[in-house]
Amino acid sequence: MSNFRPGIVGARPGAPRFVVIHNDAGSQNATTAFYRGWLPTRQATLGFAHVYIASDGRWQAESYNNMAWHAGNTNANTWGVSWEVCQSMGNEATFRANEQAVFRDVADFMKKYNLQPNRDTVRLHREFSATACPHRSWELHGRDVNRVKDYFIQEIRKYMGQQTSAPQPAPQSPSGKTLEQLATEVQQGKWGSGTARQQALGSLFTGVQAIVNERAKVNSAAQTHQILANETRAGRFGNGADRQRLLGTYFNRIQEIINQGTAPAPAQQFHVVQRGETLSGIASRYGTTWQNLQRLNNLSNPNVIQIGQRLRVR
């Protein structure tokens, strides 16, 4: 098999029909300079995108007129033009800035090719193959295909100078409701997604999201209890009757943890890596971070895990 070079897959049989936005699963060091040097040494069939955008700028690895092996799907590889939001396992501020740069670049592309941003023309890698990609965008913008796509569409339309119709959080204030009631409303879509949800819920966001994640079986009950205890210690839920009202059915257990000083250590748990999984995606599933999984498993490179590999997740 050959390593990557421009044009290796061949010319597209017609005009592009949609865009596919990826997250690269790269560290803070995964800049465009890194990809310029690394991609030509990599077997092309393992995958590459048309455009890479990182904190050091933009690199177009492949012409829009050519196909690319980027989505593990013939239709997507033939008709989709692909962008990698780089440094997706680095710090959040860098990732968000790269994401916005991708949206701006995609907006220019869609104007050039007379494409309108909608759910048919703005696609996610995970729609075409079994993968967590775009894993970081997924975590930040709603953990749902249409919610993440709607956020992408909203931002692309902004850079195209179009009016957006993305849903905004309905309630004006979380006051008077318990964390569990707010979590139910989040699940019903009443608090938007991503940054909009975080801003609307304010200091209650982390606690509410922990309960949502527990219900979705991303967090264990023990992890949720620890998060709520930490937020309580930080003063997020007040004292006395206010704290009891907000915590609801969690109150007694959280107070018990706080009074003990530390939460009980959870039993060790393991995960067997499946095709298409990333360390970041596995970490999200178990309510932890990829850095913690790297430490627990002594991984020299967090971007390299193998199908069938047994990872300790707690």
# chains A, B, ... in the order shown; residues from 1 in each chain; ligands from 1

$ residues_around --residues "Tyr250 (chain A)" --least-positions-apart "6" --cutoff "12 Å" --atoms "only C-alpha atoms" --output "number ranges by chain"
A: 178-180, 207-208, 210-211, 221-222, 224-229, 232, 243-244, 256-257

$ write_last_selection --atoms "all heavy atoms" --output "short mmCIF file (atom, residue, chain, number, x, y, z; two decimals), in the first residue's frame"
data_model
loop_
_atom_site.label_atom_id
_atom_site.label_comp_id
_atom_site.auth_asym_id
_atom_site.auth_seq_id
_atom_site.Cartn_x
_atom_site.Cartn_y
_atom_site.Cartn_z
N THR A 178 -35.07 21.80 41.25
CA THR A 178 -34.01 20.92 41.75
C THR A 178 -33.08 20.54 40.60
O THR A 178 -33.42 20.68 39.42
CB THR A 178 -34.59 19.64 42.35
OG1 THR A 178 -35.17 18.84 41.30
CG2 THR A 178 -35.68 19.96 43.38
N LEU A 179 -31.91 20.03 40.95
CA LEU A 179 -30.98 19.56 39.93
C LEU A 179 -31.60 18.45 39.09
O LEU A 179 -31.40 18.40 37.87
CB LEU A 179 -29.69 19.06 40.57
CG LEU A 179 -28.86 20.08 41.36
CD1 LEU A 179 -27.61 19.41 41.93
CD2 LEU A 179 -28.48 21.28 40.51
N GLU A 180 -32.38 17.60 39.72
CA GLU A 180 -33.01 16.50 38.99
C GLU A 180 -34.07 17.01 38.02
O GLU A 180 -34.20 16.50 36.90
CB GLU A 180 -33.61 15.50 39.98
CG GLU A 180 -32.54 14.73 40.75
CD GLU A 180 -33.10 14.02 41.97
OE1 GLU A 180 -33.39 14.69 42.98
OE2 GLU A 180 -33.26 12.79 41.89
N GLY A 207 -23.28 20.18 38.01
CA GLY A 207 -24.12 19.26 38.76
C GLY A 207 -25.24 18.67 37.93
O GLY A 207 -25.50 17.46 37.96
N VAL A 208 -25.90 19.52 37.16
CA VAL A 208 -27.00 19.05 36.31
C VAL A 208 -26.46 18.08 35.25
O VAL A 208 -27.04 17.01 35.01
CB VAL A 208 -27.71 20.24 35.63
CG1 VAL A 208 -28.71 19.75 34.58
CG2 VAL A 208 -28.41 21.11 36.66
N ALA A 210 -23.86 16.20 35.38
CA ALA A 210 -23.47 14.93 36.01
C ALA A 210 -24.67 14.00 36.13
O ALA A 210 -24.57 12.79 35.88
CB ALA A 210 -22.87 15.19 37.39
N ILE A 211 -25.84 14.56 36.48
CA ILE A 211 -27.05 13.74 36.60
C ILE A 211 -27.51 13.26 35.24
O ILE A 211 -27.92 12.10 35.07
CB ILE A 211 -28.16 14.54 37.33
CG1 ILE A 211 -27.71 14.84 38.77
CG2 ILE A 211 -29.47 13.77 37.34
CD1 ILE A 211 -28.62 15.78 39.52
N ALA A 221 -23.15 5.96 39.36
CA ALA A 221 -23.74 6.70 40.48
C ALA A 221 -22.64 7.25 41.39
O ALA A 221 -22.72 8.39 41.86
CB ALA A 221 -24.68 5.79 41.25
N ALA A 222 -21.59 6.44 41.61
CA ALA A 222 -20.50 6.89 42.49
C ALA A 222 -19.81 8.12 41.92
O ALA A 222 -19.44 9.04 42.66
CB ALA A 222 -19.49 5.75 42.69
N THR A 224 -21.17 10.38 39.92
CA THR A 224 -22.09 11.50 40.07
C THR A 224 -22.06 12.03 41.50
O THR A 224 -22.02 13.24 41.73
CB THR A 224 -23.52 11.09 39.70
OG1 THR A 224 -23.53 10.64 38.34
CG2 THR A 224 -24.50 12.24 39.85
N HIS A 225 -22.07 11.12 42.47
CA HIS A 225 -22.02 11.53 43.87
C HIS A 225 -20.76 12.35 44.15
O HIS A 225 -20.80 13.37 44.85
CB HIS A 225 -22.04 10.30 44.78
CG HIS A 225 -23.34 9.56 44.73
ND1 HIS A 225 -23.44 8.24 45.11
CD2 HIS A 225 -24.58 9.94 44.32
CE1 HIS A 225 -24.70 7.84 44.95
NE2 HIS A 225 -25.40 8.86 44.47
N GLN A 226 -19.61 11.91 43.59
CA GLN A 226 -18.37 12.63 43.84
C GLN A 226 -18.40 14.02 43.20
O GLN A 226 -17.95 15.00 43.81
CB GLN A 226 -17.18 11.83 43.30
CG GLN A 226 -15.84 12.47 43.62
CD GLN A 226 -15.60 12.61 45.12
OE1 GLN A 226 -15.59 11.62 45.84
NE2 GLN A 226 -15.44 13.84 45.59
N ILE A 227 -18.93 14.11 41.99
CA ILE A 227 -19.02 15.41 41.32
C ILE A 227 -19.92 16.35 42.12
O ILE A 227 -19.57 17.51 42.35
CB ILE A 227 -19.57 15.24 39.88
CG1 ILE A 227 -18.55 14.52 39.01
CG2 ILE A 227 -19.93 16.60 39.27
CD1 ILE A 227 -19.08 14.08 37.67
N LEU A 228 -21.06 15.84 42.56
CA LEU A 228 -21.99 16.68 43.33
C LEU A 228 -21.37 17.09 44.67
O LEU A 228 -21.58 18.22 45.14
CB LEU A 228 -23.31 15.94 43.55
CG LEU A 228 -24.16 15.69 42.29
CD1 LEU A 228 -25.41 14.91 42.65
CD2 LEU A 228 -24.52 16.99 41.60
N ALA A 229 -20.62 16.19 45.28
CA ALA A 229 -19.97 16.52 46.54
C ALA A 229 -18.93 17.62 46.32
O ALA A 229 -18.82 18.57 47.12
CB ALA A 229 -19.31 15.28 47.15
N THR A 232 -20.69 20.85 45.81
CA THR A 232 -21.24 21.32 47.08
C THR A 232 -20.15 21.98 47.92
O THR A 232 -20.34 23.05 48.49
CB THR A 232 -21.87 20.15 47.86
OG1 THR A 232 -22.92 19.57 47.07
CG2 THR A 232 -22.47 20.62 49.18
N ARG A 243 -29.55 24.09 49.87
CA ARG A 243 -28.79 22.93 49.41
C ARG A 243 -29.67 21.69 49.36
O ARG A 243 -29.62 20.92 48.39
CB ARG A 243 -27.59 22.69 50.34
CG ARG A 243 -26.78 21.46 49.96
CD ARG A 243 -25.70 21.17 51.00
NE ARG A 243 -24.72 22.24 51.08
CZ ARG A 243 -23.68 22.23 51.91
NH1 ARG A 243 -23.51 21.20 52.74
NH2 ARG A 243 -22.82 23.24 51.93
N GLN A 244 -30.47 21.50 50.39
CA GLN A 244 -31.34 20.32 50.44
C GLN A 244 -32.33 20.33 49.28
O GLN A 244 -32.59 19.28 48.67
CB GLN A 244 -32.07 20.27 51.78
CG GLN A 244 -32.86 18.98 51.97
CD GLN A 244 -33.34 18.82 53.41
OE1 GLN A 244 -33.10 19.67 54.25
NE2 GLN A 244 -34.01 17.72 53.69
N GLU A 256 -23.37 12.79 53.39
CA GLU A 256 -22.60 11.70 53.99
C GLU A 256 -21.16 11.72 53.46
O GLU A 256 -20.20 11.57 54.23
CB GLU A 256 -23.27 10.37 53.65
CG GLU A 256 -22.60 9.14 54.21
CD GLU A 256 -23.35 7.87 53.82
OE1 GLU A 256 -24.59 7.85 53.95
OE2 GLU A 256 -22.69 6.94 53.36
N ILE A 257 -21.00 11.93 52.15
CA ILE A 257 -19.66 11.98 51.55
C ILE A 257 -18.88 13.17 52.10
O ILE A 257 -17.70 13.06 52.45
CB ILE A 257 -19.76 12.07 50.01
CG1 ILE A 257 -20.32 10.77 49.44
CG2 ILE A 257 -18.39 12.37 49.40
CD1 ILE A 257 -20.62 10.81 47.97
#

$ residues_around --residues "region 89-97 of chain A" --least-positions-apart "6" --cutoff "8 Å" --atoms "only C-alpha atoms" --output "compact mmCIF listing (two decimals) with N, CA and C atoms, in the first residue's frame"
# COMPACT_ATOMS: atom_id res chain seq x y z
N ALA A 25 -8.48 13.67 17.15
CA ALA A 25 -7.95 12.84 18.25
C ALA A 25 -6.47 13.10 18.47
N GLY A 26 -6.04 14.33 18.12
CA GLY A 26 -4.65 14.69 18.30
C GLY A 26 -4.42 15.52 19.55
N SER A 27 -3.21 15.48 20.06
CA SER A 27 -2.85 16.23 21.26
C SER A 27 -2.63 17.70 20.92
N GLN A 28 -2.19 18.49 21.90
CA GLN A 28 -1.91 19.91 21.68
C GLN A 28 -0.79 20.09 20.65
N ASN A 29 0.02 19.06 20.45
CA ASN A 29 1.12 19.13 19.49
C ASN A 29 0.71 18.79 18.06
N SER A 55 -3.99 25.51 15.60
CA SER A 55 -3.64 26.82 16.15
C SER A 55 -2.58 27.54 15.31
N ARG A 136 -14.80 15.37 20.45
CA ARG A 136 -14.77 16.56 21.32
C ARG A 136 -15.97 17.47 21.04
N SER A 280 -10.33 9.36 23.99
CA SER A 280 -11.20 10.44 24.47
C SER A 280 -12.65 9.98 24.55
N TRP A 290 -9.19 11.58 29.10
CA TRP A 290 -8.22 10.74 28.40
C TRP A 290 -6.86 10.77 29.10

$ closest_residue --among "A:Ile282, A:Ala76, A:Leu247, A:Ala196" --to "Tyr151 (chain A)" --atoms "only C-alpha atoms"
A:Ala196

$ residues_around --residues "Trp83 (chain A)" --least-positions-apart "5" --cutoff "8 Å" --atoms "only C-alpha atoms" --output "ChimeraX atom specification"
/A:19-22,49-53,102

$ write_last_selection --atoms "N, CA, C and O atoms" --output "PDB file, in the first residue's frame"
ATOM      1  N   VAL A  19     -20.315  18.437   3.253  1.00  0.00           N
ATOM      2  CA  VAL A  19     -19.067  18.509   4.016  1.00  0.00           C
ATOM      3  C   VAL A  19     -19.155  17.540   5.189  1.00  0.00           C
ATOM      4  O   VAL A  19     -20.246  17.240   5.686  1.00  0.00           O
ATOM      5  N   VAL A  20     -18.001  17.062   5.623  1.00  0.00           N
ATOM      6  CA  VAL A  20     -17.910  16.188   6.794  1.00  0.00           C
ATOM      7  C   VAL A  20     -16.871  16.803   7.735  1.00  0.00           C
ATOM      8  O   VAL A  20     -15.736  17.050   7.327  1.00  0.00           O
ATOM      9  N   ILE A  21     -17.289  17.070   8.965  1.00  0.00           N
ATOM     10  CA  ILE A  21     -16.398  17.693   9.938  1.00  0.00           C
ATOM     11  C   ILE A  21     -15.932  16.639  10.942  1.00  0.00           C
ATOM     12  O   ILE A  21     -16.745  15.970  11.574  1.00  0.00           O
ATOM     13  N   HIS A  22     -14.616  16.524  11.055  1.00  0.00           N
ATOM     14  CA  HIS A  22     -13.978  15.530  11.914  1.00  0.00           C
ATOM     15  C   HIS A  22     -13.273  16.207  13.087  1.00  0.00           C
ATOM     16  O   HIS A  22     -12.961  17.397  13.037  1.00  0.00           O
ATOM     17  N   ALA A  49      -7.836  13.693   5.571  1.00  0.00           N
ATOM     18  CA  ALA A  49      -8.877  14.672   5.244  1.00  0.00           C
ATOM     19  C   ALA A  49      -8.371  15.636   4.179  1.00  0.00           C
ATOM     20  O   ALA A  49      -7.181  15.675   3.863  1.00  0.00           O
ATOM     21  N   HIS A  50      -9.302  16.424   3.663  1.00  0.00           N
ATOM     22  CA  HIS A  50      -8.924  17.441   2.691  1.00  0.00           C
ATOM     23  C   HIS A  50      -8.209  18.623   3.357  1.00  0.00           C
ATOM     24  O   HIS A  50      -7.215  19.114   2.855  1.00  0.00           O
ATOM     25  N   VAL A  51      -8.748  19.072   4.511  1.00  0.00           N
ATOM     26  CA  VAL A  51      -8.236  20.280   5.153  1.00  0.00           C
ATOM     27  C   VAL A  51      -7.975  20.013   6.629  1.00  0.00           C
ATOM     28  O   VAL A  51      -8.796  19.378   7.309  1.00  0.00           O
ATOM     29  N   TYR A  52      -6.844  20.518   7.122  1.00  0.00           N
ATOM     30  CA  TYR A  52      -6.477  20.439   8.541  1.00  0.00           C
ATOM     31  C   TYR A  52      -6.340  21.867   9.067  1.00  0.00           C
ATOM     32  O   TYR A  52      -5.642  22.684   8.474  1.00  0.00           O
ATOM     33  N   ILE A  53      -7.028  22.148  10.189  1.00  0.00           N
ATOM     34  CA  ILE A  53      -6.943  23.474  10.785  1.00  0.00           C
ATOM     35  C   ILE A  53      -6.570  23.339  12.257  1.00  0.00           C
ATOM     36  O   ILE A  53      -7.220  22.606  13.009  1.00  0.00           O
ATOM     37  N   VAL A 102     -12.609  26.335  11.431  1.00  0.00           N
ATOM     38  CA  VAL A 102     -13.167  25.357  10.484  1.00  0.00           C
ATOM     39  C   VAL A 102     -14.520  25.831   9.969  1.00  0.00           C
ATOM     40  O   VAL A 102     -14.794  25.784   8.762  1.00  0.00           O
TER      41      VAL A 102
END

$ residues_around --residues "region 144-146 of chain A" --least-positions-apart "5" --cutoff "8 Å" --atoms "only C-alpha atoms" --output "PyMOL selection string"
chain A and resi 119+124+127+138

$ select_by_dssp --residues "region 50-107 of chain A" --states "alpha helix (DSSP H)" --output "ChimeraX atom specification"
/A:74-79,92-107

$ write_last_selection --atoms "N, CA and C atoms" --output "mmCIF file, in the first residue's frame"
data_model
loop_
_atom_site.group_PDB
_atom_site.id
_atom_site.type_symbol
_atom_site.label_atom_id
_atom_site.label_comp_id
_atom_site.auth_asym_id
_atom_site.auth_seq_id
_atom_site.Cartn_x
_atom_site.Cartn_y
_atom_site.Cartn_z
ATOM 1 N N THR A 74 -17.940 4.665 1.221
ATOM 2 C CA THR A 74 -17.720 5.011 -0.182
ATOM 3 C C THR A 74 -18.448 6.286 -0.576
ATOM 4 N N ASN A 75 -19.702 6.418 -0.156
ATOM 5 C CA ASN A 75 -20.477 7.608 -0.506
ATOM 6 C C ASN A 75 -19.832 8.878 0.065
ATOM 7 N N ALA A 76 -19.462 8.819 1.334
ATOM 8 C CA ALA A 76 -18.852 9.986 1.972
ATOM 9 C C ALA A 76 -17.480 10.299 1.374
ATOM 10 N N ASN A 77 -16.682 9.274 1.104
ATOM 11 C CA ASN A 77 -15.373 9.496 0.519
ATOM 12 C C ASN A 77 -15.464 10.080 -0.892
ATOM 13 N N THR A 78 -16.508 9.702 -1.622
ATOM 14 C CA THR A 78 -16.676 10.165 -3.001
ATOM 15 C C THR A 78 -17.224 11.575 -3.074
ATOM 16 N N TRP A 79 -18.257 11.870 -2.284
ATOM 17 C CA TRP A 79 -19.006 13.112 -2.458
ATOM 18 C C TRP A 79 -18.791 14.142 -1.351
ATOM 19 N N GLU A 92 -9.229 23.065 25.842
ATOM 20 C CA GLU A 92 -10.529 23.378 25.254
ATOM 21 C C GLU A 92 -10.533 24.700 24.500
ATOM 22 N N ALA A 93 -9.851 25.709 25.015
ATOM 23 C CA ALA A 93 -9.853 27.012 24.356
ATOM 24 C C ALA A 93 -9.247 26.915 22.958
ATOM 25 N N THR A 94 -8.146 26.180 22.846
ATOM 26 C CA THR A 94 -7.524 25.985 21.533
ATOM 27 C C THR A 94 -8.454 25.249 20.600
ATOM 28 N N PHE A 95 -9.092 24.190 21.113
ATOM 29 C CA PHE A 95 -9.996 23.408 20.273
ATOM 30 C C PHE A 95 -11.160 24.256 19.779
ATOM 31 N N ARG A 96 -11.759 25.026 20.676
ATOM 32 C CA ARG A 96 -12.900 25.862 20.266
ATOM 33 C C ARG A 96 -12.483 26.882 19.199
ATOM 34 N N ALA A 97 -11.301 27.459 19.341
ATOM 35 C CA ALA A 97 -10.820 28.410 18.339
ATOM 36 C C ALA A 97 -10.615 27.712 16.992
ATOM 37 N N ASN A 98 -10.048 26.504 17.021
ATOM 38 C CA ASN A 98 -9.867 25.742 15.783
ATOM 39 C C ASN A 98 -11.209 25.393 15.153
ATOM 40 N N GLU A 99 -12.166 25.047 15.992
ATOM 41 C CA GLU A 99 -13.507 24.702 15.504
ATOM 42 C C GLU A 99 -14.123 25.893 14.769
ATOM 43 N N GLN A 100 -14.008 27.085 15.363
ATOM 44 C CA GLN A 100 -14.556 28.275 14.718
ATOM 45 C C GLN A 100 -13.848 28.553 13.386
ATOM 46 N N ALA A 101 -12.547 28.337 13.347
ATOM 47 C CA ALA A 101 -11.807 28.534 12.100
ATOM 48 C C ALA A 101 -12.285 27.561 11.023
ATOM 49 N N VAL A 102 -12.609 26.335 11.431
ATOM 50 C CA VAL A 102 -13.167 25.357 10.484
ATOM 51 C C VAL A 102 -14.520 25.831 9.969
ATOM 52 N N PHE A 103 -15.380 26.303 10.855
ATOM 53 C CA PHE A 103 -16.698 26.780 10.423
ATOM 54 C C PHE A 103 -16.547 27.926 9.408
ATOM 55 N N ARG A 104 -15.612 28.818 9.658
ATOM 56 C CA ARG A 104 -15.384 29.939 8.746
ATOM 57 C C ARG A 104 -14.907 29.425 7.384
ATOM 58 N N ASP A 105 -14.012 28.442 7.418
ATOM 59 C CA ASP A 105 -13.480 27.877 6.178
ATOM 60 C C ASP A 105 -14.566 27.124 5.411
ATOM 61 N N VAL A 106 -15.375 26.357 6.133
ATOM 62 C CA VAL A 106 -16.474 25.629 5.506
ATOM 63 C C VAL A 106 -17.473 26.613 4.892
ATOM 64 N N ALA A 107 -17.737 27.723 5.572
ATOM 65 C CA ALA A 107 -18.658 28.728 5.033
ATOM 66 C C ALA A 107 -18.154 29.256 3.692
#

$ residues_around --residues "Asn3 (chain A)" --least-positions-apart "3" --cutoff "7 Å" --atoms "only C-alpha atoms" --output "PyMOL selection string"
chain A and resi 40-44

$ write_last_selection --atoms "all heavy atoms" --output "CSV table (one decimal), in the first residue's frame"
chain,number,residue,atom,x,y,z
A,40,PRO,N,2.5,12.3,5.0
A,40,PRO,CA,3.2,11.6,3.8
A,40,PRO,C,3.9,10.3,4.3
A,40,PRO,O,4.3,9.6,3.4
A,40,PRO,CB,4.2,12.7,3.3
A,40,PRO,CG,3.6,14.0,3.7
A,40,PRO,CD,3.0,13.7,5.1
A,41,THR,N,4.1,10.1,5.6
A,41,THR,CA,4.7,8.9,6.0
A,41,THR,C,3.7,7.8,6.4
A,41,THR,O,4.1,6.7,6.8
A,41,THR,CB,5.6,9.2,7.3
A,41,THR,OG1,4.8,9.5,8.4
A,41,THR,CG2,6.5,10.3,7.0
A,42,ARG,N,2.4,8.2,6.3
A,42,ARG,CA,1.3,7.3,6.7
A,42,ARG,C,0.6,6.6,5.5
A,42,ARG,O,0.4,7.2,4.5
A,42,ARG,CB,0.3,8.2,7.5
A,42,ARG,CG,-1.0,7.5,7.9
A,42,ARG,CD,-1.9,8.5,8.7
A,42,ARG,NE,-3.2,8.0,8.8
A,42,ARG,CZ,-3.7,7.3,9.8
A,42,ARG,NH1,-2.8,6.9,10.8
A,42,ARG,NH2,-5.0,7.0,9.9
A,43,GLN,N,0.3,5.4,5.7
A,43,GLN,CA,-0.5,4.6,4.7
A,43,GLN,C,-1.8,5.4,4.4
A,43,GLN,O,-2.6,5.6,5.3
A,43,GLN,CB,-0.7,3.2,5.1
A,43,GLN,CG,-1.3,2.3,4.1
A,43,GLN,CD,-1.5,0.9,4.6
A,43,GLN,OE1,-0.6,0.3,5.2
A,43,GLN,NE2,-2.7,0.3,4.4
A,44,ALA,N,-2.0,5.7,3.1
A,44,ALA,CA,-3.1,6.6,2.8
A,44,ALA,C,-4.5,5.9,3.1
A,44,ALA,O,-5.4,6.7,3.5
A,44,ALA,CB,-3.1,6.9,1.3

$ select_by_dssp --residues "region 68-108 of chain A" --states "strand (DSSP E)" --output "ChimeraX atom specification"
/A:80-85

$ residues_around --residues "region 294-310 of chain A" --least-positions-apart "6" --cutoff "7 Å" --atoms "only C-alpha atoms" --output "PyMOL selection string"
chain A and resi 25-26+270-275+279

$ write_last_selection --atoms "C-alpha atoms" --output "PDB file, in the first residue's frame"
ATOM      1  CA  ALA A  25      -7.955  12.842  18.252  1.00  0.00           C
ATOM      2  CA  GLY A  26      -4.645  14.695  18.295  1.00  0.00           C
ATOM      3  CA  PHE A 270     -11.901  -2.302  32.559  1.00  0.00           C
ATOM      4  CA  HIS A 271     -12.994  -1.668  28.969  1.00  0.00           C
ATOM      5  CA  VAL A 272     -12.120  -3.664  25.836  1.00  0.00           C
ATOM      6  CA  VAL A 273     -11.413  -1.381  22.869  1.00  0.00           C
ATOM      7  CA  GLN A 274     -13.802  -1.739  19.919  1.00  0.00           C
ATOM      8  CA  ARG A 275     -13.310  -0.704  16.287  1.00  0.00           C
ATOM      9  CA  LEU A 279      -9.253   7.192  24.124  1.00  0.00           C
TER      10      LEU A 279
END

$ atom_distance --atom1 "CA of Pro16 (chain A)" --atom2 "CA of Ile153 (chain A)"
17.3 Å
